[in-house]
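Heads up, query.pdb below (PDB, C-alpha atoms and all ligand atoms):
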ATOM      1  CA  MET A   1      -9.186   1.939  35.099
ATOM      2  CA  SER A   2      -8.401   5.544  34.565
ATOM      3  CA  ILE A   3      -8.648   7.226  31.217
ATOM      4  CA  TYR A   4      -5.706   9.454  32.111
ATOM      5  CA  ILE A   5      -2.142   8.277  32.039
ATOM      6  CA  PRO A   6      -0.642   8.827  35.486
ATOM      7  CA  GLU A   7       2.020  11.457  35.705
ATOM      8  CA  LYS A   8       5.488  10.024  35.490
ATOM      9  CA  ASP A   9       6.436  10.767  39.082
ATOM     10  CA  TRP A  10       3.244   9.471  40.628
ATOM     11  CA  PHE A  11       4.830   8.100  43.774
ATOM     12  CA  HIS A  12       5.088  10.432  46.755
ATOM     13  CA  PRO A  13       6.247   9.013  50.073
ATOM     14  CA  PRO A  14       3.446   9.034  52.652
ATOM     15  CA  GLU A  15       3.377  12.066  54.865
ATOM     16  CA  GLY A  16       1.272  13.691  57.550
ATOM     17  CA  ALA A  17      -1.949  11.854  58.407
ATOM     18  CA  GLU A  18      -1.281   9.075  55.909
ATOM     19  CA  ARG A  19       2.019   8.334  57.560
ATOM     20  CA  ALA A  20       0.393   8.293  60.984
ATOM     21  CA  TRP A  21      -2.286   5.842  59.829
ATOM     22  CA  ILE A  22       0.242   3.486  58.262
ATOM     23  CA  GLY A  23       2.241   3.644  61.499
ATOM     24  CA  ILE A  24      -0.793   2.914  63.684
ATOM     25  CA  SER A  25      -1.835   0.003  61.445
ATOM     26  CA  LEU A  26       1.633  -1.435  61.513
ATOM     27  CA  ILE A  27       1.870  -1.214  65.295
ATOM     28  CA  TRP A  28      -1.555  -2.859  65.585
ATOM     29  CA  CYS A  29      -0.465  -5.656  63.215
ATOM     30  CA  ILE A  30       2.569  -6.316  65.382
ATOM     31  CA  ILE A  31       0.464  -6.324  68.585
ATOM     32  CA  MET A  32      -1.989  -8.832  67.066
ATOM     33  CA  PHE A  33       0.897 -10.933  65.800
ATOM     34  CA  ILE A  34       2.187 -11.205  69.371
ATOM     35  CA  MET A  35      -1.286 -11.693  70.878
ATOM     36  CA  MET A  36      -2.080 -14.775  68.742
ATOM     37  CA  PRO A  37       0.504 -17.044  70.392
ATOM     38  CA  TYR A  38      -0.161 -15.318  73.754
ATOM     39  CA  TRP A  39      -3.879 -16.213  73.607
ATOM     40  CA  HIS A  40      -2.971 -19.703  72.566
ATOM     41  CA  PHE A  41      -1.255 -20.260  75.909
ATOM     42  CA  LYS A  42      -3.072 -17.829  78.225
ATOM     43  CA  GLY A  43      -6.583 -17.593  76.742
ATOM     44  CA  LYS A  44      -9.576 -18.935  78.629
ATOM     45  CA  GLN A  45     -11.411 -20.320  75.609
ATOM     46  CA  ASN A  46      -8.739 -22.491  74.097
ATOM     47  CA  SER A  47      -9.226 -26.017  72.992
ATOM     48  CA  THR A  48      -7.197 -28.514  74.989
ATOM     49  CA  GLY A  49      -6.179 -29.902  71.631
ATOM     50  CA  GLU A  50      -7.735 -33.189  72.628
ATOM     51  CA  ALA A  51      -9.407 -34.771  69.619
ATOM     52  CA  TYR A  52     -10.013 -38.261  68.363
ATOM     53  CA  ARG A  53     -10.888 -39.701  65.018
ATOM     54  CA  VAL A  54     -14.396 -41.065  64.898
ATOM     55  CA  THR A  55     -16.728 -41.902  62.053
ATOM     56  CA  PRO A  56     -19.823 -39.692  62.039
ATOM     57  CA  GLN A  57     -21.919 -42.827  62.378
ATOM     58  CA  ALA A  58     -20.070 -44.028  65.499
ATOM     59  CA  PHE A  59     -20.368 -40.569  67.056
ATOM     60  CA  VAL A  60     -24.119 -40.465  66.385
ATOM     61  CA  GLU A  61     -24.421 -43.844  68.123
ATOM     62  CA  ARG A  62     -22.578 -42.498  71.190
ATOM     63  CA  VAL A  63     -24.840 -39.447  71.270
ATOM     64  CA  ASP A  64     -27.961 -41.615  71.040
ATOM     65  CA  LYS A  65     -26.736 -43.788  73.895
ATOM     66  CA  PHE A  66     -25.949 -40.680  75.980
ATOM     67  CA  VAL A  67     -29.425 -39.241  75.310
ATOM     68  CA  GLU A  68     -31.080 -42.549  76.193
ATOM     69  CA  SER A  69     -29.222 -42.713  79.523
ATOM     70  CA  TYR A  70     -29.849 -39.193  80.843
ATOM     71  CA  LYS A  71     -32.951 -37.856  79.114
ATOM     72  CA  VAL A  72     -35.158 -35.806  81.450
ATOM     73  CA  GLY A  73     -37.549 -34.091  79.041
ATOM     74  CA  GLU A  74     -38.176 -32.767  75.589
ATOM     75  CA  GLU A  75     -38.585 -29.414  73.902
ATOM     76  CA  ASN A  76     -39.887 -29.068  70.333
ATOM     77  CA  GLY A  77     -38.996 -32.698  69.706
ATOM     78  CA  ILE A  78     -35.407 -32.287  70.928
ATOM     79  CA  PRO A  79     -34.506 -34.220  74.082
ATOM     80  CA  ILE A  80     -33.296 -32.395  77.181
ATOM     81  CA  VAL A  81     -30.450 -34.329  78.773
ATOM     82  CA  GLU A  82     -29.145 -33.912  82.319
ATOM     83  CA  PRO A  83     -25.924 -35.869  82.806
ATOM     84  CA  PRO A  84     -24.228 -36.225  86.200
ATOM     85  CA  PRO A  85     -21.428 -33.642  86.757
ATOM     86  CA  GLY A  86     -17.893 -34.692  85.967
ATOM     87  CA  ASN A  87     -19.050 -36.941  83.168
ATOM     88  CA  ASP A  88     -18.417 -37.133  79.479
ATOM     89  CA  ILE A  89     -21.211 -35.289  77.707
ATOM     90  CA  TYR A  90     -22.056 -35.139  74.024
ATOM     91  CA  LEU A  91     -23.257 -32.558  71.566
ATOM     92  CA  LEU A  92     -23.931 -33.270  67.927
ATOM     93  CA  GLY A  93     -24.141 -30.702  65.156
ATOM     94  CA  LYS A  94     -26.146 -31.775  62.148
ATOM     95  CA  MET A  95     -28.149 -30.178  59.369
ATOM     96  CA  TRP A  96     -29.764 -28.192  60.952
ATOM     97  CA  GLN A  97     -29.833 -28.506  64.681
ATOM     98  CA  TRP A  98     -27.707 -28.936  67.794
ATOM     99  CA  TYR A  99     -28.613 -32.176  69.478
ATOM    100  CA  PRO A 100     -29.551 -32.645  72.321
ATOM    101  CA  ILE A 101     -30.330 -29.789  74.744
ATOM    102  CA  LEU A 102     -27.836 -30.058  77.613
ATOM    103  CA  LYS A 103     -28.789 -29.292  81.191
ATOM    104  CA  LEU A 104     -25.676 -28.684  83.294
ATOM    105  CA  LYS A 105     -24.799 -27.671  86.825
ATOM    106  CA  LYS A 106     -23.049 -24.385  87.442
ATOM    107  CA  GLY A 107     -19.486 -24.660  88.720
ATOM    108  CA  GLN A 108     -19.120 -28.321  87.758
ATOM    109  CA  GLU A 109     -16.656 -29.591  85.209
ATOM    110  CA  TYR A 110     -17.687 -31.636  82.191
ATOM    111  CA  ARG A 111     -15.872 -33.191  79.288
ATOM    112  CA  LEU A 112     -17.827 -32.044  76.268
ATOM    113  CA  HIS A 113     -17.445 -34.230  73.188
ATOM    114  CA  ILE A 114     -18.527 -32.370  70.134
ATOM    115  CA  SER A 115     -18.707 -33.429  66.498
ATOM    116  CA  SER A 116     -20.776 -33.279  63.338
ATOM    117  CA  ALA A 117     -22.932 -35.908  61.687
ATOM    118  CA  ASP A 118     -22.580 -34.494  58.206
ATOM    119  CA  ILE A 119     -20.638 -31.376  57.216
ATOM    120  CA  GLN A 120     -18.690 -28.596  58.900
ATOM    121  CA  HIS A 121     -20.604 -26.484  61.407
ATOM    122  CA  GLY A 122     -19.582 -23.694  63.749
ATOM    123  CA  PHE A 123     -20.372 -23.934  67.445
ATOM    124  CA  SER A 124     -21.011 -20.482  68.849
ATOM    125  CA  LEU A 125     -22.171 -20.144  72.434
ATOM    126  CA  LEU A 126     -23.993 -16.959  73.377
ATOM    127  CA  PRO A 127     -23.574 -14.582  75.085
ATOM    128  CA  VAL A 128     -20.055 -15.655  76.049
ATOM    129  CA  ASN A 129     -18.785 -15.564  72.464
ATOM    130  CA  MET A 130     -17.190 -18.976  72.635
ATOM    131  CA  ASN A 131     -16.562 -20.287  69.119
ATOM    132  CA  PHE A 132     -15.364 -23.590  67.820
ATOM    133  CA  GLN A 133     -15.169 -25.337  64.470
ATOM    134  CA  ILE A 134     -17.060 -28.612  64.350
ATOM    135  CA  MET A 135     -15.774 -31.143  61.843
ATOM    136  CA  PRO A 136     -17.234 -34.501  60.920
ATOM    137  CA  GLY A 137     -14.799 -37.329  61.605
ATOM    138  CA  TYR A 138     -13.306 -35.679  64.688
ATOM    139  CA  ASP A 139     -14.432 -36.014  68.272
ATOM    140  CA  HIS A 140     -13.282 -32.736  69.822
ATOM    141  CA  VAL A 141     -13.137 -32.799  73.596
ATOM    142  CA  LEU A 142     -13.615 -29.490  75.380
ATOM    143  CA  THR A 143     -13.287 -29.307  79.152
ATOM    144  CA  ILE A 144     -15.961 -26.897  80.267
ATOM    145  CA  THR A 145     -17.116 -25.447  83.563
ATOM    146  CA  PRO A 146     -20.318 -23.421  83.236
ATOM    147  CA  THR A 147     -20.040 -20.191  85.226
ATOM    148  CA  ILE A 148     -23.224 -18.352  84.268
ATOM    149  CA  SER A 149     -26.617 -19.848  85.051
ATOM    150  CA  GLY A 150     -29.521 -19.488  82.675
ATOM    151  CA  GLU A 151     -30.391 -20.590  79.184
ATOM    152  CA  HIS A 152     -27.585 -20.174  76.687
ATOM    153  CA  GLN A 153     -28.245 -20.218  73.006
ATOM    154  CA  ILE A 154     -25.994 -22.031  70.592
ATOM    155  CA  ILE A 155     -25.946 -20.856  67.018
ATOM    156  CA  CYS A 156     -24.125 -22.148  63.972
ATOM    157  CA  ASN A 157     -21.596 -19.659  62.656
ATOM    158  CA  GLU A 158     -20.393 -21.666  59.660
ATOM    159  CA  PHE A 159     -22.580 -21.510  56.582
ATOM    160  CA  CYS A 160     -23.951 -25.041  56.182
ATOM    161  CA  GLY A 161     -26.768 -24.815  53.670
ATOM    162  CA  ILE A 162     -30.326 -23.693  53.344
ATOM    163  CA  GLY A 163     -31.239 -24.258  57.013
ATOM    164  CA  HIS A 164     -28.076 -22.649  58.423
ATOM    165  CA  HIS A 165     -29.957 -19.727  59.964
ATOM    166  CA  LEU A 166     -32.313 -22.154  61.738
ATOM    167  CA  MET A 167     -29.531 -24.142  63.316
ATOM    168  CA  THR A 168     -29.831 -23.176  66.952
ATOM    169  CA  GLY A 169     -29.500 -25.147  70.147
ATOM    170  CA  LYS A 170     -29.460 -24.634  73.855
ATOM    171  CA  ILE A 171     -27.448 -25.302  76.993
ATOM    172  CA  ILE A 172     -29.287 -24.816  80.277
ATOM    173  CA  VAL A 173     -27.166 -24.069  83.351
ATOM    174  CA  GLU A 174     -28.628 -24.343  86.840
TER     175      GLU A 174
HETATM  176 CU1  LIG B 201     -24.578 -25.516  60.749
HETATM  177 CU2  LIG B 201     -24.512 -23.401  59.738
END
Go through the file and emit its structure as structure tokens.
Amino acid sequence: MSIYIPEKDWFHPPEGAERAWIGISLIWCIIMFIMMPYWHFKGKQNSTGEAYRVTPQAFVERVDKFVESYKVGEENGIPIVEPPPGNDIYLLGKMWQWYPILKLKKGQEYRLHISSADIQHGFSLLPVNMNFQIMPGYDHVLTITPTISGEHQIICNEFCGIGHHLMTGKIIVE
């Protein structure tokens, strides 16, 4: 709050640099407005929109069964799972880890089912900057084809409590 009363004619139409900046911002707003629907249809990281209702408990059971069937090792107590290509694969977000570690083959397609056991998490795959909201109660299916081999870190990008910053996971591509 100012201690001075503004002069009566305080409004001056923008001019010079101010006008240019408003113009640039406006043009950028319009470009982004057009790009949103464009990316929806032409983007390479879009969800297929395929999702099913599932209780968190039922999803956890599916994940456990998946881990049991294709477990090949363990790292820091988290199972490493190597499913055959072309299959349905599962990833569970829970406070505060991504479960299990997936080992996938480069160039092969998988149907990744992803959900949460408790609250909302954010799946963020590095370094490809692929981001997806993970909601309990929904089985989101993402069709993925790994194109870069190596170890890819998953982090949680949705604040989910005191262990949020520890919530990391891994996808290994060979
Ligand atoms: Cu899970 Cu933040």
Original post:
On this structure, which residues satisfy the PyMOL selection byres (((chain A and resi 62) around 12) and not hetatm), written as a ChimeraX atom specification?
Top reply: /A:54-61,63-69,88-92,113-115,117,139
**OP:** In Å, rounded to a single decimal, give me how far CA of Gly169 (chain A) is from CA of Ile101 (chain A).
**Re:**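 These atoms are spaced 6.6 Å apart.
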Subject >> Atomic separation - CA of Pro79 (chain A) relative to CA of Thr143 (chain A), Å >> reply: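 The value is 22.4 Å.
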**OP:** Would you mind listing what lies within 8 Å of Gln120 (chain A) as a list in words, with all atoms listed in the file counted and same-chain residues fewer than 5 positions away left out?
**Re:** Gln133, Ile134, Met135, Pro136, Glu158 and Cys160 of chain A
Subject >> Contacts to ligand LIG 201 (chain B) at 9 Å cut-off (only C-alpha atoms and all ligand atoms) as a count of residues only >> reply: 26
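For the pair CA of Gly16 (chain A) and CA of Trp28 (chain A), the interatomic distance is 18.6 Å.
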Subject >> Explicit residue set for the PyMOL selection byres (((chain A and resi 108) around 6) and not hetatm), as a PyMOL selection string >> reply: chain A and resi 85+105-107+109+145
Original post:
Counting all atoms listed in the file, what is within 12 Å of Lys44 (chain A), bar same-chain residues fewer than 5 positions away, as a PyMOL selection string?
Top reply: chain A and resi 38-39+128-131+142-145
Subject >> Explicit residue set for the PyMOL selection byres (((chain A and resi 75) around 12) and not hetatm), as number ranges by chain >> reply: A: 71-74, 76-81, 99-102, 169-170
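Take the candidates A:Leu112, A:Ile148, A:Val141, A:Ile3 and check each one against Pro83 (chain A) using only C-alpha atoms; the shortest distance goes to A:Leu112.
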